[in-house]
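Student: Contents of upload27.cif (mmCIF, C-alpha atoms) are below:
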data_coords
loop_
_atom_site.label_atom_id
_atom_site.label_comp_id
_atom_site.auth_asym_id
_atom_site.auth_seq_id
_atom_site.Cartn_x
_atom_site.Cartn_y
_atom_site.Cartn_z
CA MET A 1 -16.00 22.14 8.21
CA GLY A 2 -13.35 23.54 5.90
CA ILE A 3 -10.59 23.03 8.47
CA VAL A 4 -11.73 19.44 9.12
CA LEU A 5 -11.64 18.72 5.38
CA TRP A 6 -8.22 20.37 5.00
CA THR A 7 -6.79 18.28 7.87
CA ALA A 8 -8.20 15.04 6.45
CA ILE A 9 -6.78 15.70 2.97
CA LEU A 10 -3.40 16.65 4.46
CA ILE A 11 -3.26 13.29 6.23
CA PHE A 12 -4.18 11.48 3.01
CA THR A 13 -1.52 13.48 1.12
CA LEU A 14 1.26 12.57 3.55
CA PHE A 15 0.16 8.93 3.63
CA SER A 16 0.11 8.66 -0.18
CA ARG A 17 3.53 10.30 -0.52
CA PHE A 18 5.21 7.94 1.94
CA LYS A 19 3.35 4.88 0.64
CA GLU A 20 4.30 5.27 -3.04
CA LYS A 21 7.62 7.14 -2.60
CA ASN A 22 6.96 9.30 -5.66
CA SER A 23 4.92 12.33 -6.71
CA ILE A 24 3.12 11.00 -9.78
CA ASN A 25 0.93 8.27 -8.30
CA PRO A 26 -2.81 9.08 -8.54
CA MET A 27 -3.43 9.03 -4.80
CA PHE A 28 -0.83 11.73 -4.16
CA LEU A 29 -1.81 13.81 -7.21
CA PHE A 30 -5.49 13.79 -6.26
CA ASN A 31 -4.85 14.64 -2.60
CA VAL A 32 -2.29 17.39 -3.17
CA PHE A 33 -4.51 18.92 -5.87
CA TRP A 34 -7.52 19.16 -3.57
CA LEU A 35 -5.35 20.17 -0.62
CA GLY A 36 -4.26 23.18 -2.66
CA ILE A 37 -7.83 24.05 -3.65
CA ILE A 38 -9.17 23.78 -0.10
CA SER A 39 -6.21 25.80 1.22
CA LEU A 40 -6.99 28.64 -1.21
CA THR A 41 -10.70 28.37 -0.40
CA ILE A 42 -10.07 28.72 3.33
CA LEU A 43 -7.74 31.69 2.79
CA ASN A 44 -10.49 33.34 0.67
CA LEU A 45 -8.23 36.10 -0.62
CA TYR A 46 -10.94 37.73 -2.73
CA ASN A 47 -13.95 37.70 -0.42
CA PHE A 48 -15.82 34.90 -2.18
CA ARG A 49 -19.16 33.78 -0.85
CA ALA A 50 -19.30 31.08 1.84
CA ILE A 51 -19.18 27.41 0.86
CA ASP A 52 -22.15 25.27 1.85
CA SER A 53 -21.33 22.48 4.32
CA LEU A 54 -22.85 19.94 1.90
CA VAL A 55 -20.16 20.82 -0.66
CA TYR A 56 -17.45 20.21 1.93
CA LYS A 57 -19.10 16.89 2.84
CA MET A 58 -19.15 15.85 -0.83
CA ILE A 59 -15.43 16.55 -1.14
CA LEU A 60 -14.60 14.75 2.11
CA LEU A 61 -16.63 11.67 1.20
CA GLY A 62 -15.26 11.70 -2.35
CA THR A 63 -11.67 12.02 -1.13
CA ILE A 64 -12.07 9.10 1.27
CA ALA A 65 -13.62 6.96 -1.48
CA PHE A 66 -10.96 7.89 -4.05
CA ASN A 67 -8.18 6.89 -1.66
CA LEU A 68 -9.94 3.62 -0.88
CA GLY A 69 -10.15 2.92 -4.61
CA CYS A 70 -6.42 3.54 -4.94
CA LEU A 71 -5.70 1.04 -2.17
CA ILE A 72 -7.39 -1.83 -4.02
CA PRO A 73 -4.67 -4.25 -5.24
CA ARG A 74 -3.81 -4.66 -8.89
CA ILE A 75 -6.51 -6.38 -10.93
CA ASN A 76 -5.40 -8.51 -13.89
CA ILE A 77 -8.02 -8.43 -16.63
CA THR A 78 -7.90 -10.75 -19.63
CA GLY A 79 -6.86 -8.76 -22.69
CA LEU A 80 -5.37 -5.96 -20.60
CA SER A 81 -2.22 -7.69 -19.42
CA ASN A 82 0.35 -5.46 -17.82
CA ASN A 83 3.04 -7.21 -19.88
CA ALA A 84 1.38 -6.97 -23.30
CA ASN A 85 3.26 -5.56 -26.29
CA TYR A 86 1.57 -2.88 -28.39
CA ALA A 87 2.52 -1.57 -31.80
CA ILE A 88 1.94 2.11 -32.54
CA ASN A 89 0.06 2.62 -35.77
CA LYS A 90 2.00 5.71 -36.84
CA ASN A 91 0.00 6.06 -40.06
CA TYR A 92 -3.18 6.26 -37.99
CA PHE A 93 -1.87 9.09 -35.80
CA GLN A 94 -0.49 11.00 -38.77
CA ALA A 95 -3.79 10.63 -40.63
CA LEU A 96 -5.68 11.98 -37.63
CA TYR A 97 -3.22 14.85 -37.32
CA PHE A 98 -3.44 16.07 -40.92
CA MET A 99 -7.21 15.62 -41.00
CA ALA A 100 -7.50 17.86 -37.92
CA ILE A 101 -5.02 20.38 -39.37
CA ALA A 102 -7.01 20.61 -42.61
CA PHE A 103 -10.24 21.29 -40.71
CA LEU A 104 -8.60 23.83 -38.39
CA ALA A 105 -7.01 25.60 -41.37
CA VAL A 106 -10.49 26.27 -42.77
CA VAL A 107 -11.75 27.61 -39.44
CA ASP A 108 -8.61 29.64 -38.75
CA SER A 109 -8.79 31.30 -42.16
CA SER A 110 -12.24 32.55 -41.17
CA ALA A 111 -10.82 33.69 -37.84
CA ILE A 112 -8.06 35.69 -39.53
CA ALA A 113 -10.61 37.25 -41.86
CA ALA A 114 -12.74 38.24 -38.86
CA ILE A 115 -9.72 39.86 -37.15
CA LEU A 116 -8.94 41.83 -40.32
CA ARG A 117 -12.54 43.07 -40.26
CA GLY A 118 -12.00 44.38 -36.73
CA ALA A 119 -13.05 41.50 -34.45
CA SER A 120 -11.16 41.41 -31.15
CA ILE A 121 -9.19 38.35 -30.13
CA SER A 122 -11.17 38.02 -26.89
CA SER A 123 -14.48 37.84 -28.80
CA LEU A 124 -13.17 35.71 -31.66
CA ARG A 125 -14.60 32.39 -30.49
CA PHE A 126 -18.07 33.96 -30.22
CA THR A 127 -17.70 35.37 -33.74
CA LEU A 128 -16.79 31.93 -35.08
CA ARG A 129 -19.65 30.37 -33.15
CA ASP A 130 -22.07 32.63 -35.02
CA THR A 131 -20.44 32.06 -38.42
CA VAL A 132 -18.40 28.91 -39.11
CA PHE A 133 -19.82 26.81 -36.29
CA SER A 134 -23.39 27.89 -36.96
CA SER A 135 -23.25 25.08 -39.52
CA TYR A 136 -24.55 21.91 -37.87
CA TYR A 137 -22.07 19.70 -39.70
CA MET A 138 -19.03 21.89 -38.99
CA SER A 139 -19.96 21.99 -35.31
CA LEU A 140 -20.52 18.23 -35.28
CA LEU A 141 -17.18 17.49 -36.95
CA PHE A 142 -15.28 19.71 -34.54
CA LYS A 143 -16.99 18.45 -31.40
CA PHE A 144 -16.87 14.72 -32.11
CA ILE A 145 -13.74 14.36 -34.23
CA VAL A 146 -11.36 17.32 -34.49
CA TYR A 147 -11.22 18.52 -30.88
CA PRO A 148 -10.84 15.00 -29.41
CA VAL A 149 -8.14 14.29 -32.01
CA VAL A 150 -6.19 17.39 -30.92
CA ILE A 151 -6.23 16.16 -27.32
CA ALA A 152 -5.34 12.59 -28.33
CA TYR A 153 -2.38 13.80 -30.37
CA VAL A 154 -0.99 16.03 -27.62
CA VAL A 155 -1.26 13.12 -25.15
CA TYR A 156 0.43 10.86 -27.72
CA PHE A 157 3.36 13.30 -27.96
CA ILE A 158 3.72 13.65 -24.19
CA ALA A 159 3.52 9.88 -23.67
CA SER A 160 6.21 9.38 -26.33
CA VAL A 161 8.52 11.81 -24.51
CA LEU A 162 8.01 9.88 -21.28
CA VAL A 163 8.71 6.50 -22.85
CA TYR A 164 11.59 7.35 -25.20
CA LYS A 165 13.03 9.99 -22.83
CA ASN A 166 13.67 12.26 -25.74
CA VAL A 167 11.91 15.22 -27.35
CA ASN A 168 11.40 14.67 -31.08
CA ARG A 169 11.60 18.19 -32.51
CA THR A 170 9.36 17.44 -35.46
CA GLU A 171 6.62 16.01 -33.26
CA LEU A 172 7.06 18.88 -30.80
CA VAL A 173 6.55 21.48 -33.53
CA LYS A 174 3.55 19.59 -34.91
CA SER A 175 1.99 19.36 -31.45
CA ILE A 176 2.47 23.07 -30.78
CA ILE A 177 1.07 23.98 -34.21
CA ILE A 178 -2.10 21.94 -33.70
CA THR A 179 -2.50 23.42 -30.20
CA ILE A 180 -2.26 27.00 -31.48
CA MET A 181 -4.58 26.32 -34.40
CA ASP A 182 -7.10 24.72 -32.05
CA PHE A 183 -6.99 27.72 -29.72
CA VAL A 184 -7.61 30.14 -32.59
CA ALA A 185 -10.58 28.03 -33.71
CA ASN A 186 -11.97 27.21 -30.30
CA GLY A 187 -10.65 29.70 -27.76
CA ASP A 188 -10.65 26.94 -25.17
CA ARG A 189 -7.81 26.58 -22.65
CA ILE A 190 -8.19 22.85 -21.96
CA VAL A 191 -5.47 21.74 -24.40
CA ILE A 192 -3.02 24.27 -22.97
CA TYR A 193 -3.87 23.04 -19.48
CA ILE A 194 -3.19 19.46 -20.67
CA TRP A 195 0.26 20.66 -21.75
CA PHE A 196 0.82 21.89 -18.19
CA ILE A 197 -0.24 18.52 -16.80
CA GLY A 198 1.95 16.61 -19.24
CA ILE A 199 5.01 18.76 -18.60
CA PHE A 200 4.53 18.30 -14.86
CA ILE A 201 4.43 14.51 -15.20
CA VAL A 202 7.38 14.44 -17.61
CA ALA A 203 9.47 16.71 -15.40
CA PHE A 204 8.91 14.67 -12.25
CA THR A 205 9.45 11.39 -14.10
CA LEU A 206 12.73 12.38 -15.78
CA LYS A 207 14.07 14.58 -12.97
CA LYS A 208 15.94 11.80 -11.18
CA ASP A 209 17.24 10.17 -14.36
CA TYR A 210 20.66 11.73 -14.95
CA VAL A 211 20.97 9.94 -18.31
CA ASN A 212 18.12 12.03 -19.70
CA THR A 213 19.33 15.47 -18.63
CA LEU A 214 18.96 16.76 -22.20
CA ALA A 215 15.33 15.62 -22.50
CA TYR A 216 14.61 17.15 -19.10
CA ARG A 217 16.08 20.49 -20.18
CA LYS A 218 14.11 20.45 -23.42
CA ILE A 219 10.81 19.81 -21.68
CA LYS A 220 11.53 22.64 -19.23
CA LYS A 221 11.99 25.00 -22.18
CA VAL A 222 8.72 23.81 -23.67
CA GLY A 223 7.12 24.41 -20.29
CA MET A 224 8.32 28.01 -20.21
CA VAL A 225 6.84 28.61 -23.67
CA ILE A 226 3.48 27.11 -22.64
CA ILE A 227 3.43 29.15 -19.42
CA LEU A 228 4.10 32.36 -21.37
CA LEU A 229 1.43 31.49 -23.92
CA ALA A 230 -1.12 30.72 -21.19
CA ALA A 231 -0.33 33.99 -19.39
CA LEU A 232 -0.82 36.01 -22.58
CA ILE A 233 -4.11 34.22 -23.30
CA MET A 234 -5.52 34.82 -19.82
CA LEU A 235 -4.46 38.46 -19.79
CA GLY A 236 -5.98 38.95 -23.22
CA ARG A 237 -9.46 37.73 -22.29
CA LYS A 238 -11.90 40.57 -21.84
CA ASN A 239 -13.39 39.12 -18.65
CA MET A 240 -10.00 38.76 -17.02
CA SER A 241 -9.45 42.33 -15.91
CA PHE A 242 -7.97 41.05 -12.65
CA SER A 243 -4.37 40.06 -12.10
CA LEU A 244 -3.10 36.78 -13.48
CA ILE A 245 -2.81 35.30 -9.98
CA SER A 246 -6.36 36.37 -9.19
CA SER A 247 -7.61 34.72 -12.37
CA VAL A 248 -5.85 31.43 -11.60
CA ILE A 249 -7.22 31.35 -8.04
CA THR A 250 -10.70 32.05 -9.40
CA TYR A 251 -10.47 29.11 -11.81
CA PHE A 252 -9.37 26.70 -9.11
CA THR A 253 -11.68 27.75 -6.27
CA GLY A 254 -14.68 29.25 -8.05
CA GLY A 255 -16.25 25.85 -8.66
CA LEU A 256 -16.95 25.35 -4.96
CA VAL A 257 -18.82 28.65 -4.78
CA TYR A 258 -20.67 27.97 -8.03
CA LEU A 259 -21.69 24.51 -6.81
CA THR A 260 -22.93 26.05 -3.56
CA ARG A 261 -25.04 28.57 -5.45
CA THR A 262 -26.59 25.88 -7.68
CA LEU A 263 -27.42 23.33 -4.98
CA ASP A 264 -31.10 24.31 -4.79
CA ARG A 265 -31.49 23.75 -8.53
CA ILE A 266 -29.40 20.56 -8.52
CA ASN A 267 -31.40 18.99 -5.70
CA LEU A 268 -34.61 19.29 -7.71
CA THR A 269 -33.52 16.57 -10.15
CA ALA A 270 -30.39 14.99 -8.60
CA GLY A 271 -30.22 11.21 -8.23
CA GLN A 272 -31.96 10.27 -11.47
CA THR A 273 -29.05 9.59 -13.83
CA VAL A 274 -26.95 7.05 -11.85
CA LEU A 275 -23.78 7.32 -14.00
CA VAL A 276 -24.88 9.08 -17.19
CA THR A 277 -24.05 12.62 -16.03
CA SER A 278 -20.46 11.76 -15.14
CA TYR A 279 -19.76 9.64 -18.24
CA GLN A 280 -22.02 11.34 -20.76
CA GLY A 281 -19.05 12.08 -23.02
CA PHE A 282 -19.05 8.42 -24.06
CA PHE A 283 -22.83 8.29 -24.54
CA ARG A 284 -23.19 11.52 -26.50
CA PRO A 285 -22.08 10.28 -29.97
CA VAL A 286 -24.35 7.23 -29.73
CA MET A 287 -27.31 9.26 -28.51
CA GLY A 288 -26.69 11.83 -31.22
CA VAL A 289 -27.27 9.13 -33.81
CA LEU A 290 -30.26 7.58 -32.01
CA GLU A 291 -31.97 10.93 -31.58
CA LEU A 292 -31.94 11.35 -35.36
CA VAL A 293 -34.33 8.40 -35.57
CA GLY A 294 -36.45 9.57 -32.66
CA VAL A 295 -34.94 7.50 -29.86
CA LYS A 296 -34.61 9.40 -26.58
CA TRP A 297 -33.21 8.41 -23.18
CA ASN A 298 -34.56 10.35 -20.23
CA ALA A 299 -31.41 9.92 -18.11
CA PHE A 300 -29.26 11.29 -20.92
CA GLU A 301 -31.63 14.20 -21.52
CA THR A 302 -31.48 15.08 -17.83
CA ALA A 303 -27.67 14.86 -17.81
CA THR A 304 -27.44 17.08 -20.89
CA GLU A 305 -29.74 19.64 -19.30
CA PHE A 306 -27.49 19.72 -16.22
CA LEU A 307 -24.40 20.42 -18.32
CA LEU A 308 -26.06 23.04 -20.53
CA THR A 309 -27.61 24.87 -17.59
CA ASN A 310 -24.20 25.13 -15.96
CA GLN A 311 -22.85 26.60 -19.19
CA THR A 312 -25.55 29.25 -19.55
CA ASN A 313 -26.18 30.24 -15.91
CA SER A 314 -23.59 32.43 -14.20
CA PHE A 315 -23.46 33.63 -10.59
CA ALA A 316 -21.41 36.19 -8.72
CA LEU A 317 -18.63 34.54 -6.73
CA ASP A 318 -18.05 37.51 -4.45
CA TYR A 319 -20.38 39.63 -2.35
CA GLU A 320 -19.54 42.73 -4.38
CA ALA A 321 -20.75 40.96 -7.55
CA THR A 322 -17.60 41.84 -9.52
CA ARG A 323 -16.64 38.29 -10.50
CA TYR A 324 -19.15 36.12 -12.34
CA PHE A 325 -18.59 32.44 -12.97
CA ASN A 326 -20.30 29.54 -14.71
CA TYR A 327 -19.95 25.86 -15.59
CA PHE A 328 -17.48 24.77 -12.88
CA THR A 329 -19.29 22.46 -10.46
CA THR A 330 -16.32 20.15 -9.64
CA CYS A 331 -16.20 16.42 -10.29
CA PHE A 332 -18.09 15.86 -7.02
CA GLY A 333 -20.98 17.95 -8.28
CA TYR A 334 -21.32 15.59 -11.23
CA PHE A 335 -21.10 12.53 -9.00
CA TYR A 336 -23.71 14.04 -6.67
CA TYR A 337 -26.07 14.82 -9.52
CA ASP A 338 -25.88 11.21 -10.68
CA PHE A 339 -26.95 9.58 -7.41
CA LYS A 340 -26.52 12.10 -4.59
CA MET A 341 -24.10 11.11 -1.80
CA ILE A 342 -24.14 7.46 -2.85
CA GLY A 343 -23.04 8.62 -6.28
CA VAL A 344 -20.24 10.70 -4.74
CA PHE A 345 -18.93 7.67 -2.87
CA VAL A 346 -19.32 5.05 -5.62
CA HIS A 347 -18.06 7.23 -8.48
CA SER A 348 -15.08 8.46 -6.45
CA LEU A 349 -14.25 4.88 -5.46
CA VAL A 350 -14.35 3.76 -9.10
CA PHE A 351 -12.39 6.87 -10.14
CA GLY A 352 -9.64 5.98 -7.67
CA LEU A 353 -9.69 2.32 -8.70
CA LEU A 354 -9.41 3.05 -12.43
CA SER A 355 -6.70 5.66 -11.89
CA LYS A 356 -4.61 3.30 -9.80
CA GLN A 357 -5.04 0.39 -12.20
CA ALA A 358 -3.88 2.69 -15.03
CA TYR A 359 -0.92 3.72 -12.86
CA TYR A 360 0.15 0.08 -12.42
CA ARG A 361 0.31 -0.22 -16.21
CA PHE A 362 1.93 3.21 -16.54
CA LYS A 363 4.97 1.77 -14.78
CA ARG A 364 5.23 -0.79 -17.61
CA ASN A 365 6.42 2.21 -19.65
CA ASN A 366 4.99 1.86 -23.14
CA VAL A 367 3.29 4.69 -25.02
CA ARG A 368 -0.19 3.18 -24.85
CA ASN A 369 -0.14 2.57 -21.10
CA VAL A 370 1.50 5.90 -20.33
CA GLY A 371 -1.06 7.72 -22.48
CA ILE A 372 -4.02 6.01 -20.82
CA TYR A 373 -2.68 6.99 -17.41
CA MET A 374 -2.25 10.55 -18.68
CA PHE A 375 -5.99 10.69 -19.42
CA TRP A 376 -6.79 9.73 -15.83
CA VAL A 377 -4.35 12.33 -14.55
CA ILE A 378 -6.18 14.84 -16.75
CA CYS A 379 -9.41 13.78 -15.01
CA ILE A 380 -7.79 14.44 -11.63
CA PHE A 381 -6.51 17.90 -12.58
CA LEU A 382 -9.77 18.94 -14.24
CA GLY A 383 -11.66 18.02 -11.07
CA MET A 384 -12.18 21.65 -10.10
CA MET A 385 -14.26 22.03 -13.29
CA ASN A 386 -16.17 18.77 -13.74
CA PHE A 387 -15.55 15.07 -14.21
CA ALA A 388 -13.58 15.09 -17.46
CA MET A 389 -15.26 11.97 -18.87
CA ALA A 390 -18.43 14.04 -19.13
CA GLU A 391 -16.59 16.03 -21.80
CA THR A 392 -16.85 14.53 -25.29
CA SER A 393 -13.42 15.92 -26.09
CA ILE A 394 -11.74 13.93 -23.29
CA SER A 395 -13.76 10.71 -23.52
CA LEU A 396 -13.49 10.44 -27.31
CA GLY A 397 -9.89 11.61 -27.14
CA LEU A 398 -9.20 8.55 -24.99
CA VAL A 399 -11.03 6.32 -27.47
CA TYR A 400 -9.14 7.71 -30.48
CA PHE A 401 -5.85 7.35 -28.62
CA VAL A 402 -6.40 3.70 -27.66
CA ILE A 403 -7.48 2.77 -31.20
CA GLY A 404 -4.02 3.79 -32.41
CA PHE A 405 -2.36 0.75 -30.80
CA VAL A 406 -2.51 -2.91 -31.77
CA ARG A 407 -1.66 -5.74 -29.43
CA GLN A 408 0.50 -8.30 -31.22
CA ASP A 409 3.29 -10.81 -30.85
CA ILE A 410 6.83 -9.56 -31.34
CA LYS A 411 7.28 -11.84 -34.37
CA SER A 412 4.35 -10.28 -36.19
CA ILE A 413 5.38 -6.66 -35.77
CA ASP A 414 5.47 -4.59 -38.93
CA LYS A 415 8.80 -2.87 -39.46
CA ASN A 416 7.07 0.48 -39.96
CA ASN A 417 5.59 0.43 -36.47
CA VAL A 418 7.24 1.00 -33.12
CA VAL A 419 6.78 -1.53 -30.35
CA GLU A 420 7.42 -0.93 -26.69
CA GLU A 421 8.41 -4.05 -24.86
#
Take the structure in the file and write it out as C-alpha cells.
Tutor:
Amino acid sequence: MGIVLWTAILIFTLFSRFKEKNSINPMFLFNVFWLGIISLTILNLYNFRAIDSLVYKMILLGTIAFNLGCLIPRINITGLSNNANYAINKNYFQALYFMAIAFLAVVDSSAIAAILRGASISSLRFTLRDTVFSSYYMSLLFKFIVYPVVIAYVVYFIASVLVYKNVNRTELVKSIIITIMDFVANGDRIVIYIWFIGIFIVAFTLKKDYVNTLAYRKIKKVGMVIILLAALIMLGRKNMSFSLISSVITYFTGGLVYLTRTLDRINLTAGQTVLVTSYQGFFRPVMGVLELVGVKWNAFETATEFLLTNQTNSFALDYEATRYFNYFTTCFGYFYYDFKMIGVFVHSLVFGLLSKQAYYRFKRNNVRNVGIYMFWVICIFLGMMNFAMAETSISLGLVYFVIGFVRQDIKSIDKNNVVEE
C-alpha cells in the first residue's frame, strides 16, 4: 500500500509542478511534502513499526481531495476582492509586539532564575509549567494572546520581506528577539519551524529576481542562523540522544506510526465532532468563556479529549522500544476523527480549496494577502503533526494578523500607514 501511495503522490507532484510552473503553489508544496514523508516511511531507516493500511488509505484519499480542492477555479467573494487595497496598522502590530515582549520578559526572568538555581535547559519548560504557568491567568494570557501574537508577528515580518523585497534590520532583530524569548518561556519549536517555512518561501520567491539579490542574500544568512539555532536546540533536548538527522526523520515520520498505534482508541469515538476537532483552535476561546457560566458543548469536549490524550499518551515507535513519541497524529488523523473517511475527504477538499484561494490572492503581493497564504502554508508543513487550525496559537495568530489591516480607498489612507496597491 505504501508503494501505491508513493506512486500516486509522485504523479500529483509532477502534475502540480508543470501546471503552476513554480514551487510555491499549495498543490506542489502539499504533494512534495507528503512525498518526502512517505519516501522516508518506506525506507524505514530506524526499524519503526509497520503502518496500518487504514493510515495509508487516509493519506491517499486526503491527497486526492486536497488536489481536487486546488483545481477549483478562483472564487470571488464580496469583501475579499483580489484587488482590494489594505493599510497596515503599524501601531497595532507594535502594540502587540511590546505587550508580548513585556509578558515574556517576566517569564524569562523566572527562567533565568531557575537556571541559576541549577535547572537544566532541557527541563526548563517543565519547571516553568510548575511555577509561572501554574497560575491560571498567566497560562491563559500566554495561550490565547502572547503565543499567537508571537506567531502573527513573525509571519508579518516574513510577509513584509516578500512584498517589499528587502530585509528591514530593525524588524529582523525584533523578530529574532521575540522568537528567542518565546522559546525560553515556552520551549516549543513551532515558531522556529515557521521561520524555516518562511525562509523557504522567501528564497524561492526572490531567487529568480535579480533586482533583489541583496534581499536574497540577507534572507539566506538569516536562514543559516535559524538552522544553527534549531540544531543546537534539538541536540540540547534530553530526549534527543540520537543524531540530528535521526531526530528530524522521527519528527516527520513518527506521526504515521503514532496514528497507527492509536487507531483502536480513535475508532471508539471517531465521527462525532464533524469539524470541531480540526478547527477547535477557533472555538477554544469562545468555549473557554462559555464554560465559565456552565455552558458545555459535547462535540468540543470530545475534540479536547482527543487532543489532550494525544499529548499525554506516548508509544514506542520502534520494536526495540527506544524511541517514544506522542501527540503527532497527522492532519488526516484529525480529519478522520471528525467524521471518519468522509471527514478525511471533505476536510482535505476544503483545505485544498482554501489554500488555493489564498494563493490566488498571494500573487496580488500585498502584506495581508501574503501573510494569509503563509498561514495556509504553515498548515501544510505542520501536517505531519496535526491540522494546524486545531492549535489555538495558529488559529488566533491568523485572527490577530488579519485584524492588523484595514481595507480602505487610496484617498482615505493615513500617512502613517503603509498601503500595498
Student: Which is closest to Ile199 in chain A among A:Ile24, A:Ala316, A:Leu268, A:Ile245, if we use all atoms listed in the file?
Tutor: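 Among A:Ile24, A:Ala316, A:Leu268, A:Ile245, it is A:Ile24 that comes nearest to Ile199 in chain A.
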Student: Name the residues that the PyMOL selection byres ((chain A and resi 118-132) around 8) pulls out of this structure, and write them as an mmCIF file with C-alpha atoms, in the coordinates of the input.
Tutor:
data_model
loop_
_atom_site.group_PDB
_atom_site.id
_atom_site.type_symbol
_atom_site.label_atom_id
_atom_site.label_comp_id
_atom_site.auth_asym_id
_atom_site.auth_seq_id
_atom_site.Cartn_x
_atom_site.Cartn_y
_atom_site.Cartn_z
ATOM 1 C CA VAL A 107 -11.750 27.610 -39.440
ATOM 2 C CA SER A 110 -12.240 32.550 -41.170
ATOM 3 C CA ALA A 111 -10.820 33.690 -37.840
ATOM 4 C CA ALA A 114 -12.740 38.240 -38.860
ATOM 5 C CA ILE A 115 -9.720 39.860 -37.150
ATOM 6 C CA LEU A 116 -8.940 41.830 -40.320
ATOM 7 C CA ARG A 117 -12.540 43.070 -40.260
ATOM 8 C CA PHE A 133 -19.820 26.810 -36.290
ATOM 9 C CA SER A 134 -23.390 27.890 -36.960
ATOM 10 C CA SER A 135 -23.250 25.080 -39.520
ATOM 11 C CA MET A 138 -19.030 21.890 -38.990
ATOM 12 C CA VAL A 184 -7.610 30.140 -32.590
ATOM 13 C CA ALA A 185 -10.580 28.030 -33.710
ATOM 14 C CA ASN A 186 -11.970 27.210 -30.300
ATOM 15 C CA GLY A 187 -10.650 29.700 -27.760
ATOM 16 C CA GLY A 236 -5.980 38.950 -23.220
ATOM 17 C CA ARG A 237 -9.460 37.730 -22.290
ATOM 18 C CA LYS A 238 -11.900 40.570 -21.840
#
Student: Looking at only C-alpha atoms, which of A:Phe315, A:Phe282, A:Tyr336, A:Phe200 is the one that sits closest to Asn267 in chain A?
Tutor: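 The answer is A:Tyr336, which sits nearest to Asn267 in chain A.
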Student: Tell me which residues the PyMOL selection byres ((chain A and resi 375) around 10) grabs here, as a VMD selection string.
Tutor: chain A and resid 151 to 152 155 194 198 355 358 370 to 374 376 to 381 388 to 389 394 to 395 397 to 398 401
Student: Work out how far CA of Ile42 in chain A is from CA of Ile3 in chain A, in Å to one decimal.
Tutor: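 These atoms are spaced 7.7 Å apart.
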Student: Since the input is missing atoms for range 380-392 of chain A, could you rebuild it with N, CA and C atoms and give the result as an mmCIF file, keeping the file's coordinate frame?
Tutor:
data_model
loop_
_atom_site.group_PDB
_atom_site.id
_atom_site.type_symbol
_atom_site.label_atom_id
_atom_site.label_comp_id
_atom_site.auth_asym_id
_atom_site.auth_seq_id
_atom_site.Cartn_x
_atom_site.Cartn_y
_atom_site.Cartn_z
ATOM 1 N N ILE A 380 -8.084 13.957 -12.983
ATOM 2 C CA ILE A 380 -7.790 14.440 -11.630
ATOM 3 C C ILE A 380 -7.624 15.958 -11.641
ATOM 4 N N PHE A 381 -6.841 16.477 -12.580
ATOM 5 C CA PHE A 381 -6.510 17.900 -12.580
ATOM 6 C C PHE A 381 -7.587 18.782 -13.202
ATOM 7 N N LEU A 382 -8.607 18.168 -13.791
ATOM 8 C CA LEU A 382 -9.770 18.940 -14.240
ATOM 9 C C LEU A 382 -10.905 18.840 -13.223
ATOM 10 N N GLY A 383 -10.627 18.245 -12.074
ATOM 11 C CA GLY A 383 -11.660 18.020 -11.070
ATOM 12 C C GLY A 383 -12.288 19.273 -10.515
ATOM 13 N N MET A 384 -11.583 20.404 -10.589
ATOM 14 C CA MET A 384 -12.180 21.650 -10.100
ATOM 15 C C MET A 384 -13.267 22.143 -11.037
ATOM 16 N N MET A 385 -13.287 21.616 -12.287
ATOM 17 C CA MET A 385 -14.260 22.030 -13.290
ATOM 18 C C MET A 385 -15.446 21.064 -13.335
ATOM 19 N N ASN A 386 -15.149 19.808 -13.658
ATOM 20 C CA ASN A 386 -16.170 18.770 -13.740
ATOM 21 C C ASN A 386 -15.459 17.421 -13.728
ATOM 22 N N PHE A 387 -16.197 16.354 -13.987
ATOM 23 C CA PHE A 387 -15.550 15.070 -14.210
ATOM 24 C C PHE A 387 -15.272 14.989 -15.697
ATOM 25 N N ALA A 388 -13.990 14.894 -16.064
ATOM 26 C CA ALA A 388 -13.580 15.090 -17.460
ATOM 27 C C ALA A 388 -14.236 14.123 -18.427
ATOM 28 N N MET A 389 -14.634 12.925 -17.971
ATOM 29 C CA MET A 389 -15.260 11.970 -18.870
ATOM 30 C C MET A 389 -16.672 12.396 -19.272
ATOM 31 N N ALA A 390 -17.161 13.465 -18.675
ATOM 32 C CA ALA A 390 -18.430 14.040 -19.130
ATOM 33 C C ALA A 390 -18.208 14.895 -20.364
ATOM 34 N N GLU A 391 -16.940 15.236 -20.631
ATOM 35 C CA GLU A 391 -16.590 16.030 -21.800
ATOM 36 C C GLU A 391 -16.348 15.099 -22.998
ATOM 37 N N THR A 392 -17.041 15.343 -24.087
ATOM 38 C CA THR A 392 -16.850 14.530 -25.290
ATOM 39 C C THR A 392 -15.407 14.599 -25.768
#
